Each structure stands twice: as C-alpha cells, then as structure tokens.
file data.cif (mmCIF, N, CA and C atoms)
data_coords
loop_
_atom_site.group_PDB
_atom_site.id
_atom_site.type_symbol
_atom_site.label_atom_id
_atom_site.label_comp_id
_atom_site.auth_asym_id
_atom_site.auth_seq_id
_atom_site.Cartn_x
_atom_site.Cartn_y
_atom_site.Cartn_z
ATOM 1 N N MET L 1 -55.687 95.508 104.160
ATOM 2 C CA MET L 1 -55.521 94.899 102.870
ATOM 3 C C MET L 1 -55.203 95.992 101.839
ATOM 4 N N VAL L 2 -54.351 95.632 100.901
ATOM 5 C CA VAL L 2 -53.929 96.582 99.874
ATOM 6 C C VAL L 2 -54.794 96.361 98.644
ATOM 7 N N ALA L 3 -55.318 97.406 98.123
ATOM 8 C CA ALA L 3 -56.142 97.319 96.915
ATOM 9 C C ALA L 3 -55.238 97.424 95.704
ATOM 10 N N VAL L 4 -55.375 96.466 94.815
ATOM 11 C CA VAL L 4 -54.582 96.461 93.582
ATOM 12 C C VAL L 4 -55.480 96.961 92.471
ATOM 13 N N PRO L 5 -55.039 98.000 91.766
ATOM 14 C CA PRO L 5 -55.884 98.524 90.698
ATOM 15 C C PRO L 5 -56.060 97.486 89.589
ATOM 16 N N ALA L 6 -57.253 97.463 89.029
ATOM 17 C CA ALA L 6 -57.532 96.549 87.919
ATOM 18 C C ALA L 6 -56.724 96.963 86.709
ATOM 19 N N GLY L 7 -56.221 95.997 86.023
ATOM 20 C CA GLY L 7 -55.420 96.287 84.846
ATOM 21 C C GLY L 7 -55.609 95.191 83.808
ATOM 22 N N PRO L 8 -54.925 95.314 82.692
ATOM 23 C CA PRO L 8 -55.090 94.323 81.628
ATOM 24 C C PRO L 8 -54.522 92.954 82.016
ATOM 25 N N TRP L 9 -53.689 92.875 83.036
ATOM 26 C CA TRP L 9 -53.074 91.612 83.465
ATOM 27 C C TRP L 9 -53.980 90.804 84.368
ATOM 28 N N ARG L 10 -54.975 91.410 84.964
ATOM 29 C CA ARG L 10 -55.786 90.767 85.997
ATOM 30 C C ARG L 10 -56.510 89.490 85.527
ATOM 31 N N PRO L 11 -57.060 89.409 84.333
ATOM 32 C CA PRO L 11 -57.728 88.174 83.914
ATOM 33 C C PRO L 11 -56.760 86.989 83.783
ATOM 34 N N TYR L 12 -55.465 87.270 83.664
ATOM 35 C CA TYR L 12 -54.477 86.206 83.489
ATOM 36 C C TYR L 12 -53.816 85.777 84.799
ATOM 37 N N ALA L 13 -54.089 86.457 85.864
ATOM 38 C CA ALA L 13 -53.418 86.176 87.136
ATOM 39 C C ALA L 13 -53.781 84.801 87.686
ATOM 40 N N LEU L 14 -55.053 84.444 87.719
ATOM 41 C CA LEU L 14 -55.474 83.159 88.258
ATOM 42 C C LEU L 14 -54.959 81.983 87.414
ATOM 43 N N PRO L 15 -55.088 82.011 86.084
ATOM 44 C CA PRO L 15 -54.528 80.909 85.284
ATOM 45 C C PRO L 15 -53.002 80.794 85.432
ATOM 46 N N ALA L 16 -52.316 81.933 85.542
ATOM 47 C CA ALA L 16 -50.861 81.890 85.707
ATOM 48 C C ALA L 16 -50.492 81.290 87.050
ATOM 49 N N LEU L 17 -51.225 81.653 88.104
ATOM 50 C CA LEU L 17 -50.986 81.082 89.426
ATOM 51 C C LEU L 17 -51.250 79.578 89.430
ATOM 52 N N PHE L 18 -52.311 79.156 88.750
ATOM 53 C CA PHE L 18 -52.629 77.733 88.637
ATOM 54 C C PHE L 18 -51.507 76.989 87.903
ATOM 55 N N LEU L 19 -51.016 77.555 86.819
ATOM 56 C CA LEU L 19 -49.940 76.933 86.048
ATOM 57 C C LEU L 19 -48.676 76.771 86.893
ATOM 58 N N VAL L 20 -48.329 77.774 87.674
ATOM 59 C CA VAL L 20 -47.160 77.703 88.553
ATOM 60 C C VAL L 20 -47.355 76.615 89.606
ATOM 61 N N ALA L 21 -48.556 76.521 90.198
ATOM 62 C CA ALA L 21 -48.826 75.522 91.229
ATOM 63 C C ALA L 21 -48.736 74.104 90.654
ATOM 64 N N VAL L 22 -49.299 73.886 89.478
ATOM 65 C CA VAL L 22 -49.258 72.560 88.854
ATOM 66 C C VAL L 22 -47.829 72.196 88.477
ATOM 67 N N THR L 23 -47.080 73.130 87.959
ATOM 68 C CA THR L 23 -45.687 72.870 87.597
ATOM 69 C C THR L 23 -44.871 72.460 88.816
ATOM 70 N N LEU L 24 -45.045 73.180 89.910
ATOM 71 C CA LEU L 24 -44.316 72.825 91.136
ATOM 72 C C LEU L 24 -44.745 71.458 91.660
ATOM 73 N N ALA L 25 -46.031 71.145 91.552
ATOM 74 C CA ALA L 25 -46.513 69.833 91.999
ATOM 75 C C ALA L 25 -45.907 68.717 91.152
ATOM 76 N N VAL L 26 -45.846 68.886 89.849
ATOM 77 C CA VAL L 26 -45.271 67.872 88.959
ATOM 78 C C VAL L 26 -43.792 67.685 89.254
ATOM 79 N N ILE L 27 -43.070 68.771 89.445
ATOM 80 C CA ILE L 27 -41.644 68.673 89.765
ATOM 81 C C ILE L 27 -41.440 67.932 91.074
ATOM 82 N N GLY L 28 -42.270 68.226 92.075
ATOM 83 C CA GLY L 28 -42.154 67.541 93.362
ATOM 84 C C GLY L 28 -42.468 66.062 93.273
ATOM 85 N N ILE L 29 -43.502 65.718 92.532
ATOM 86 C CA ILE L 29 -43.878 64.300 92.379
ATOM 87 C C ILE L 29 -42.811 63.538 91.611
ATOM 88 N N ARG L 30 -42.297 64.117 90.543
ATOM 89 C CA ARG L 30 -41.252 63.442 89.771
ATOM 90 C C ARG L 30 -39.987 63.238 90.594
ATOM 91 N N ALA L 31 -39.638 64.216 91.394
ATOM 92 C CA ALA L 31 -38.454 64.081 92.252
ATOM 93 C C ALA L 31 -38.665 62.981 93.279
ATOM 94 N N ALA L 32 -39.871 62.902 93.849
ATOM 95 C CA ALA L 32 -40.160 61.864 94.838
ATOM 96 C C ALA L 32 -40.135 60.485 94.204
ATOM 97 N N LEU L 33 -40.663 60.355 93.001
ATOM 98 C CA LEU L 33 -40.654 59.060 92.315
ATOM 99 C C LEU L 33 -39.253 58.669 91.895
ATOM 100 N N HIS L 34 -38.476 59.648 91.484
ATOM 101 C CA HIS L 34 -37.119 59.362 91.018
ATOM 102 C C HIS L 34 -36.224 58.885 92.154
ATOM 103 N N HIS L 35 -36.411 59.415 93.340
ATOM 104 C CA HIS L 35 -35.570 59.061 94.476
ATOM 105 C C HIS L 35 -36.224 58.041 95.389
ATOM 106 N N SER L 36 -37.266 57.393 94.921
ATOM 107 C CA SER L 36 -37.973 56.416 95.736
ATOM 108 C C SER L 36 -37.100 55.181 95.957
ATOM 109 N N PRO L 37 -36.960 54.702 97.216
ATOM 110 C CA PRO L 37 -36.146 53.509 97.461
ATOM 111 C C PRO L 37 -36.808 52.238 96.960
ATOM 112 N N ALA L 38 -38.094 52.293 96.630
ATOM 113 C CA ALA L 38 -38.788 51.094 96.157
ATOM 114 C C ALA L 38 -38.338 50.706 94.752
ATOM 115 N N THR L 39 -37.870 51.677 93.992
ATOM 116 C CA THR L 39 -37.425 51.356 92.644
ATOM 117 C C THR L 39 -35.936 51.073 92.662
ATOM 118 N N ALA L 40 -35.590 49.911 92.197
ATOM 119 C CA ALA L 40 -34.183 49.525 92.136
ATOM 120 C C ALA L 40 -33.530 50.205 90.945
ATOM 121 N N PRO L 41 -32.270 50.551 91.059
ATOM 122 C CA PRO L 41 -31.590 51.149 89.914
ATOM 123 C C PRO L 41 -31.467 50.117 88.802
ATOM 124 N N PRO L 42 -31.500 50.555 87.570
ATOM 125 C CA PRO L 42 -31.406 49.599 86.469
ATOM 126 C C PRO L 42 -30.061 48.884 86.475
ATOM 127 N N LYS L 43 -30.110 47.619 86.148
ATOM 128 C CA LYS L 43 -28.884 46.827 86.096
ATOM 129 C C LYS L 43 -28.114 47.183 84.831
ATOM 130 N N PRO L 44 -26.812 47.272 84.932
ATOM 131 C CA PRO L 44 -26.044 47.569 83.722
ATOM 132 C C PRO L 44 -26.108 46.380 82.772
ATOM 133 N N HIS L 45 -26.209 46.677 81.508
ATOM 134 C CA HIS L 45 -26.259 45.623 80.505
ATOM 135 C C HIS L 45 -24.870 45.038 80.310
ATOM 136 N N ALA L 46 -24.844 43.762 80.045
ATOM 137 C CA ALA L 46 -23.563 43.113 79.761
ATOM 138 C C ALA L 46 -23.018 43.673 78.452
ATOM 139 N N ALA L 47 -21.754 43.857 78.419
ATOM 140 C CA ALA L 47 -21.124 44.376 77.211
ATOM 141 C C ALA L 47 -21.267 43.348 76.097
ATOM 142 N N HIS L 48 -21.711 43.825 74.957
ATOM 143 C CA HIS L 48 -21.862 42.932 73.820
ATOM 144 C C HIS L 48 -20.518 42.814 73.115
ATOM 145 N N VAL L 49 -20.052 41.604 73.034
ATOM 146 C CA VAL L 49 -18.787 41.352 72.365
ATOM 147 C C VAL L 49 -19.102 40.764 71.001
ATOM 148 N N ALA L 50 -18.591 41.385 69.993
ATOM 149 C CA ALA L 50 -18.830 40.894 68.645
ATOM 150 C C ALA L 50 -18.033 39.611 68.432
ATOM 151 N N VAL L 51 -18.735 38.545 68.126
ATOM 152 C CA VAL L 51 -18.085 37.268 67.868
ATOM 153 C C VAL L 51 -18.038 37.090 66.364
ATOM 154 N N THR L 52 -16.858 36.935 65.856
ATOM 155 C CA THR L 52 -16.691 36.722 64.436
ATOM 156 C C THR L 52 -16.964 35.259 64.137
ATOM 157 N N ALA L 53 -17.853 35.016 63.196
ATOM 158 C CA ALA L 53 -18.202 33.651 62.825
ATOM 159 C C ALA L 53 -16.993 32.982 62.170
ATOM 160 N N ARG L 54 -16.771 31.728 62.553
ATOM 161 C CA ARG L 54 -15.707 30.927 61.932
ATOM 162 C C ARG L 54 -16.340 29.720 61.266
ATOM 163 N N TYR L 55 -15.788 29.334 60.140
ATOM 164 C CA TYR L 55 -16.339 28.226 59.369
ATOM 165 C C TYR L 55 -15.267 27.182 59.110
ATOM 166 N N TYR L 56 -15.730 25.966 58.876
ATOM 167 C CA TYR L 56 -14.848 24.846 58.545
ATOM 168 C C TYR L 56 -15.347 24.248 57.242
ATOM 169 N N ARG L 57 -14.416 23.956 56.337
ATOM 170 C CA ARG L 57 -14.763 23.345 55.056
ATOM 171 C C ARG L 57 -14.577 21.835 55.186
ATOM 172 N N VAL L 58 -15.637 21.071 54.918
ATOM 173 C CA VAL L 58 -15.611 19.615 55.077
ATOM 174 C C VAL L 58 -14.672 19.001 54.043
ATOM 175 N N ARG L 59 -13.833 18.070 54.522
ATOM 176 C CA ARG L 59 -12.896 17.341 53.657
ATOM 177 C C ARG L 59 -13.283 15.867 53.612
ATOM 178 N N SER L 60 -12.674 15.163 52.726
ATOM 179 C CA SER L 60 -12.952 13.740 52.584
ATOM 180 C C SER L 60 -12.634 13.010 53.892
ATOM 181 N N GLY L 61 -13.549 12.181 54.378
ATOM 182 C CA GLY L 61 -13.349 11.402 55.585
ATOM 183 C C GLY L 61 -13.762 12.104 56.869
ATOM 184 N N ASP L 62 -14.157 13.371 56.799
ATOM 185 C CA ASP L 62 -14.566 14.103 58.002
ATOM 186 C C ASP L 62 -15.909 13.590 58.520
ATOM 187 N N THR L 63 -16.009 13.551 59.823
ATOM 188 C CA THR L 63 -17.288 13.295 60.482
ATOM 189 C C THR L 63 -17.577 14.498 61.370
ATOM 190 N N LEU L 64 -18.800 14.588 61.824
ATOM 191 C CA LEU L 64 -19.157 15.710 62.685
ATOM 192 C C LEU L 64 -18.373 15.658 63.989
ATOM 193 N N THR L 65 -18.130 14.465 64.486
ATOM 194 C CA THR L 65 -17.338 14.309 65.709
ATOM 195 C C THR L 65 -15.899 14.762 65.485
ATOM 196 N N ALA L 66 -15.331 14.411 64.346
ATOM 197 C CA ALA L 66 -13.952 14.815 64.038
ATOM 198 C C ALA L 66 -13.856 16.331 63.880
ATOM 199 N N ILE L 67 -14.857 16.928 63.237
ATOM 200 C CA ILE L 67 -14.873 18.387 63.064
ATOM 201 C C ILE L 67 -15.003 19.072 64.421
ATOM 202 N N ALA L 68 -15.844 18.512 65.287
ATOM 203 C CA ALA L 68 -16.016 19.077 66.625
ATOM 204 C C ALA L 68 -14.708 19.006 67.404
ATOM 205 N N ALA L 69 -13.993 17.899 67.299
ATOM 206 C CA ALA L 69 -12.717 17.755 68.001
ATOM 207 C C ALA L 69 -11.671 18.726 67.451
ATOM 208 N N LYS L 70 -11.622 18.891 66.138
ATOM 209 C CA LYS L 70 -10.652 19.801 65.524
ATOM 210 C C LYS L 70 -10.932 21.263 65.885
ATOM 211 N N SER L 71 -12.202 21.611 65.961
ATOM 212 C CA SER L 71 -12.555 23.010 66.194
ATOM 213 C C SER L 71 -12.703 23.351 67.674
ATOM 214 N N GLY L 72 -12.753 22.331 68.541
ATOM 215 C CA GLY L 72 -12.836 22.581 69.971
ATOM 216 C C GLY L 72 -14.229 22.930 70.465
ATOM 217 N N VAL L 73 -15.244 22.533 69.729
ATOM 218 C CA VAL L 73 -16.626 22.738 70.160
ATOM 219 C C VAL L 73 -17.340 21.391 70.183
ATOM 220 N N SER L 74 -18.464 21.340 70.877
ATOM 221 C CA SER L 74 -19.194 20.070 70.960
ATOM 222 C C SER L 74 -20.032 19.845 69.708
ATOM 223 N N VAL L 75 -20.412 18.597 69.515
ATOM 224 C CA VAL L 75 -21.276 18.250 68.388
ATOM 225 C C VAL L 75 -22.623 18.946 68.542
ATOM 226 N N VAL L 76 -23.112 19.021 69.771
ATOM 227 C CA VAL L 76 -24.393 19.695 70.021
ATOM 228 C C VAL L 76 -24.307 21.160 69.606
ATOM 229 N N ARG L 77 -23.198 21.817 69.917
ATOM 230 C CA ARG L 77 -23.013 23.225 69.545
ATOM 231 C C ARG L 77 -22.948 23.373 68.025
ATOM 232 N N LEU L 78 -22.273 22.446 67.348
ATOM 233 C CA LEU L 78 -22.221 22.492 65.889
ATOM 234 C C LEU L 78 -23.624 22.374 65.298
ATOM 235 N N LEU L 79 -24.428 21.469 65.859
ATOM 236 C CA LEU L 79 -25.792 21.305 65.359
ATOM 237 C C LEU L 79 -26.639 22.541 65.658
ATOM 238 N N HIS L 80 -26.368 23.199 66.786
ATOM 239 C CA HIS L 80 -27.089 24.425 67.123
ATOM 240 C C HIS L 80 -26.708 25.561 66.171
ATOM 241 N N LEU L 81 -25.437 25.657 65.832
ATOM 242 C CA LEU L 81 -24.973 26.706 64.918
ATOM 243 C C LEU L 81 -25.384 26.448 63.474
ATOM 244 N N ASN L 82 -25.642 25.189 63.151
ATOM 245 C CA ASN L 82 -25.991 24.794 61.783
ATOM 246 C C ASN L 82 -27.298 24.007 61.800
ATOM 247 N N PRO L 83 -28.441 24.670 61.949
ATOM 248 C CA PRO L 83 -29.704 23.952 62.114
ATOM 249 C C PRO L 83 -30.107 23.095 60.914
ATOM 250 N N LYS L 84 -29.658 23.432 59.731
ATOM 251 C CA LYS L 84 -30.032 22.655 58.542
ATOM 252 C C LYS L 84 -29.039 21.521 58.248
ATOM 253 N N LEU L 85 -28.060 21.368 59.083
ATOM 254 C CA LEU L 85 -27.013 20.363 58.863
ATOM 255 C C LEU L 85 -27.538 18.962 59.156
ATOM 256 N N GLN L 86 -27.301 18.051 58.241
ATOM 257 C CA GLN L 86 -27.629 16.640 58.446
ATOM 258 C C GLN L 86 -26.358 15.941 58.928
ATOM 259 N N PRO L 87 -26.301 15.514 60.199
ATOM 260 C CA PRO L 87 -25.051 14.960 60.732
ATOM 261 C C PRO L 87 -24.598 13.666 60.057
ATOM 262 N N THR L 88 -25.505 12.975 59.404
ATOM 263 C CA THR L 88 -25.124 11.724 58.735
ATOM 264 C C THR L 88 -24.861 11.919 57.253
ATOM 265 N N ALA L 89 -25.005 13.147 56.764
ATOM 266 C CA ALA L 89 -24.814 13.398 55.337
ATOM 267 C C ALA L 89 -23.990 14.656 55.133
ATOM 268 N N LEU L 90 -22.694 14.550 55.407
ATOM 269 C CA LEU L 90 -21.786 15.674 55.165
ATOM 270 C C LEU L 90 -21.244 15.551 53.750
ATOM 271 N N PHE L 91 -21.079 16.682 53.090
ATOM 272 C CA PHE L 91 -20.587 16.690 51.722
ATOM 273 C C PHE L 91 -19.243 17.395 51.657
ATOM 274 N N ILE L 92 -18.347 16.872 50.862
ATOM 275 C CA ILE L 92 -17.015 17.463 50.694
ATOM 276 C C ILE L 92 -17.210 18.881 50.149
ATOM 277 N N GLY L 93 -16.521 19.839 50.788
ATOM 278 C CA GLY L 93 -16.617 21.237 50.379
ATOM 279 C C GLY L 93 -17.705 22.006 51.092
ATOM 280 N N GLU L 94 -18.545 21.304 51.847
ATOM 281 C CA GLU L 94 -19.612 21.985 52.581
ATOM 282 C C GLU L 94 -19.011 22.865 53.670
ATOM 283 N N ARG L 95 -19.597 24.036 53.848
ATOM 284 C CA ARG L 95 -19.122 24.971 54.866
ATOM 285 C C ARG L 95 -19.956 24.811 56.120
ATOM 286 N N ILE L 96 -19.288 24.592 57.264
ATOM 287 C CA ILE L 96 -19.963 24.406 58.551
ATOM 288 C C ILE L 96 -19.491 25.485 59.495
ATOM 289 N N ARG L 97 -20.440 26.153 60.123
ATOM 290 C CA ARG L 97 -20.087 27.189 61.099
ATOM 291 C C ARG L 97 -19.628 26.520 62.382
ATOM 292 N N VAL L 98 -18.455 26.938 62.886
ATOM 293 C CA VAL L 98 -17.927 26.356 64.116
ATOM 294 C C VAL L 98 -17.896 27.367 65.259
ATOM 295 N N LYS L 99 -17.994 28.649 65.002
ATOM 296 C CA LYS L 99 -18.073 29.699 66.043
ATOM 297 C C LYS L 99 -18.897 30.833 65.544
#

call {"tool": "encode", "arguments": {"input": "data.cif", "output": "structure tokens"}}
result
Amino acid sequence: MVAVPAGPWRPYALPALFLVAVTLAVIGIRAALHHSPATAPPKPHAAHVAVTARYYRVRSGDTLTAIAAKSGVSVVRLLHLNPKLQPTALFIGERIRVK
C-alpha cells in the first residue's frame, strides 16, 4: 500500500468522492428513466389554426333558420356561438356570430 502524505486537501477528499458518486448515480437514473420503454413519447399537439370570427347583421324578415342556411352552419352551431341569442326575438341590425 502507498502512503499518501497528509495535506490540506485530505479533509475534502471524502465529501468530494461522495459528491462524484451521487452525481454519477443521478445521471444513470435519469438516463434509465428517460429511455424507459414504459413511458410513451408525448403525442404531438394538433396545430392550432386561428379561426377568424365572422358575423352576420340581421335584416328585416331574417329568421335563425334563414341565417343558418345563408351562412352554411347549423342552427345549433349558431346558438352555441351566440349563447345570449334569443332565437324567437331577432332584432334588425343585431350582430350574430356565424364562425
């Protein structure tokens, strides 16, 4: 066995060795978890497409059914887009969201 002379570094040798061992253990565990087949890769998010809102201005004689036919959307969709809309009480000049 080789005798190492005592020096000012000796009190720090054990903590430094411990720090190196823990660091290597953490790196190994993280690598194992990262490459684990049990974890599925994250699914790509659907691309968000900005939909520009379109509106229709109510004219004399319009009904919700007529507006739905003109705009190409269902009456149910119009009611969903306009939650405060009263389908039996449309007013001339009222703005209704259609898309």

call {"tool": "resolve_selection", "arguments": {"input": "data.cif", "expression": "the PyMOL selection byres (((chain L and resi 78 and name CA) around 12) and name CA)", "output": "number ranges by chain"}}
result
L: 54-56, 63-77, 79-87, 95-99

call {"tool": "atom_distance", "arguments": {"input": "data.cif", "atom1": "atom CA of L:Leu19", "atom2": "atom C of L:Ala31"}}
result
19.3 Å

call {"tool": "atom_distance", "arguments": {"input": "data.cif", "atom1": "atom CA of L:Thr88", "atom2": "atom CA of L:Ser60"}}
result
13.8 Å

call {"tool": "atom_distance", "arguments": {"input": "data.cif", "atom1": "atom N of L:Leu33", "atom2": "atom C of L:Ala21"}}
result
16.1 Å

call {"tool": "closest_residue", "arguments": {"input": "data.cif", "among": "L:Ile92, L:Ala16, L:Val26, L:Ala32", "to": "L:Val58", "atoms": "only C-alpha atoms"}}
result
L:Ile92

call {"tool": "decode", "arguments": {"input": "data.cif", "residues": "stretch 65-76 of chain L", "atoms": "all heavy atoms", "output": "PDB file, in the first residue's frame"}}
result
ATOM      1  N   THR L  65     -83.159  30.206 -38.898  1.00  0.00           N
ATOM      2  CA  THR L  65     -83.010  29.157 -39.909  1.00  0.00           C
ATOM      3  C   THR L  65     -82.497  29.738 -41.223  1.00  0.00           C
ATOM      4  O   THR L  65     -81.621  29.155 -41.868  1.00  0.00           O
ATOM      5  CB  THR L  65     -84.359  28.440 -40.130  1.00  0.00           C
ATOM      6  OG1 THR L  65     -84.843  27.981 -38.869  1.00  0.00           O
ATOM      7  CG2 THR L  65     -84.222  27.282 -41.076  1.00  0.00           C
ATOM      8  N   ALA L  66     -83.018  30.886 -41.613  1.00  0.00           N
ATOM      9  CA  ALA L  66     -82.574  31.528 -42.858  1.00  0.00           C
ATOM     10  C   ALA L  66     -81.115  31.967 -42.749  1.00  0.00           C
ATOM     11  O   ALA L  66     -80.332  31.805 -43.689  1.00  0.00           O
ATOM     12  CB  ALA L  66     -83.469  32.720 -43.182  1.00  0.00           C
ATOM     13  N   ILE L  67     -80.737  32.495 -41.586  1.00  0.00           N
ATOM     14  CA  ILE L  67     -79.345  32.916 -41.372  1.00  0.00           C
ATOM     15  C   ILE L  67     -78.421  31.703 -41.410  1.00  0.00           C
ATOM     16  O   ILE L  67     -77.341  31.743 -42.010  1.00  0.00           O
ATOM     17  CB  ILE L  67     -79.210  33.680 -40.045  1.00  0.00           C
ATOM     18  CG1 ILE L  67     -80.005  34.982 -40.116  1.00  0.00           C
ATOM     19  CG2 ILE L  67     -77.751  33.956 -39.712  1.00  0.00           C
ATOM     20  CD1 ILE L  67     -80.159  35.689 -38.781  1.00  0.00           C
ATOM     21  N   ALA L  68     -78.866  30.603 -40.809  1.00  0.00           N
ATOM     22  CA  ALA L  68     -78.066  29.378 -40.816  1.00  0.00           C
ATOM     23  C   ALA L  68     -77.879  28.874 -42.242  1.00  0.00           C
ATOM     24  O   ALA L  68     -76.783  28.463 -42.631  1.00  0.00           O
ATOM     25  CB  ALA L  68     -78.737  28.304 -39.958  1.00  0.00           C
ATOM     26  N   ALA L  69     -78.925  28.921 -43.049  1.00  0.00           N
ATOM     27  CA  ALA L  69     -78.827  28.471 -44.438  1.00  0.00           C
ATOM     28  C   ALA L  69     -77.903  29.380 -45.249  1.00  0.00           C
ATOM     29  O   ALA L  69     -77.104  28.895 -46.058  1.00  0.00           O
ATOM     30  CB  ALA L  69     -80.217  28.437 -45.064  1.00  0.00           C
ATOM     31  N   LYS L  70     -77.994  30.685 -45.042  1.00  0.00           N
ATOM     32  CA  LYS L  70     -77.147  31.630 -45.775  1.00  0.00           C
ATOM     33  C   LYS L  70     -75.671  31.485 -45.398  1.00  0.00           C
ATOM     34  O   LYS L  70     -74.787  31.629 -46.242  1.00  0.00           O
ATOM     35  CB  LYS L  70     -77.577  33.075 -45.495  1.00  0.00           C
ATOM     36  CG  LYS L  70     -78.884  33.467 -46.130  1.00  0.00           C
ATOM     37  CD  LYS L  70     -79.246  34.875 -45.731  1.00  0.00           C
ATOM     38  CE  LYS L  70     -80.632  35.250 -46.196  1.00  0.00           C
ATOM     39  NZ  LYS L  70     -81.017  36.590 -45.742  1.00  0.00           N
ATOM     40  N   SER L  71     -75.416  31.221 -44.131  1.00  0.00           N
ATOM     41  CA  SER L  71     -74.031  31.174 -43.667  1.00  0.00           C
ATOM     42  C   SER L  71     -73.420  29.778 -43.749  1.00  0.00           C
ATOM     43  O   SER L  71     -72.219  29.620 -43.584  1.00  0.00           O
ATOM     44  CB  SER L  71     -73.940  31.697 -42.232  1.00  0.00           C
ATOM     45  OG  SER L  71     -74.730  30.891 -41.375  1.00  0.00           O
ATOM     46  N   GLY L  72     -74.252  28.752 -43.974  1.00  0.00           N
ATOM     47  CA  GLY L  72     -73.735  27.401 -44.121  1.00  0.00           C
ATOM     48  C   GLY L  72     -73.407  26.710 -42.808  1.00  0.00           C
ATOM     49  O   GLY L  72     -72.601  25.784 -42.784  1.00  0.00           O
ATOM     50  N   VAL L  73     -74.020  27.149 -41.730  1.00  0.00           N
ATOM     51  CA  VAL L  73     -73.845  26.496 -40.433  1.00  0.00           C
ATOM     52  C   VAL L  73     -75.213  26.094 -39.895  1.00  0.00           C
ATOM     53  O   VAL L  73     -76.233  26.598 -40.346  1.00  0.00           O
ATOM     54  CB  VAL L  73     -73.119  27.401 -39.406  1.00  0.00           C
ATOM     55  CG1 VAL L  73     -71.710  27.703 -39.835  1.00  0.00           C
ATOM     56  CG2 VAL L  73     -73.880  28.675 -39.168  1.00  0.00           C
ATOM     57  N   SER L  74     -75.217  25.193 -38.927  1.00  0.00           N
ATOM     58  CA  SER L  74     -76.500  24.744 -38.376  1.00  0.00           C
ATOM     59  C   SER L  74     -77.031  25.745 -37.358  1.00  0.00           C
ATOM     60  O   SER L  74     -76.292  26.576 -36.822  1.00  0.00           O
ATOM     61  CB  SER L  74     -76.329  23.378 -37.706  1.00  0.00           C
ATOM     62  OG  SER L  74     -75.529  23.508 -36.545  1.00  0.00           O
ATOM     63  N   VAL L  75     -78.319  25.636 -37.096  1.00  0.00           N
ATOM     64  CA  VAL L  75     -78.947  26.490 -36.089  1.00  0.00           C
ATOM     65  C   VAL L  75     -78.344  26.197 -34.721  1.00  0.00           C
ATOM     66  O   VAL L  75     -78.092  27.118 -33.934  1.00  0.00           O
ATOM     67  CB  VAL L  75     -80.480  26.270 -36.083  1.00  0.00           C
ATOM     68  CG1 VAL L  75     -81.131  27.043 -34.945  1.00  0.00           C
ATOM     69  CG2 VAL L  75     -81.081  26.685 -37.409  1.00  0.00           C
ATOM     70  N   VAL L  76     -78.069  24.928 -34.455  1.00  0.00           N
ATOM     71  CA  VAL L  76     -77.463  24.553 -33.171  1.00  0.00           C
ATOM     72  C   VAL L  76     -76.105  25.228 -33.011  1.00  0.00           C
ATOM     73  O   VAL L  76     -75.767  25.733 -31.936  1.00  0.00           O
ATOM     74  CB  VAL L  76     -77.331  23.013 -33.081  1.00  0.00           C
ATOM     75  CG1 VAL L  76     -76.570  22.609 -31.830  1.00  0.00           C
ATOM     76  CG2 VAL L  76     -78.695  22.360 -33.120  1.00  0.00           C
TER      77      VAL L  76
END
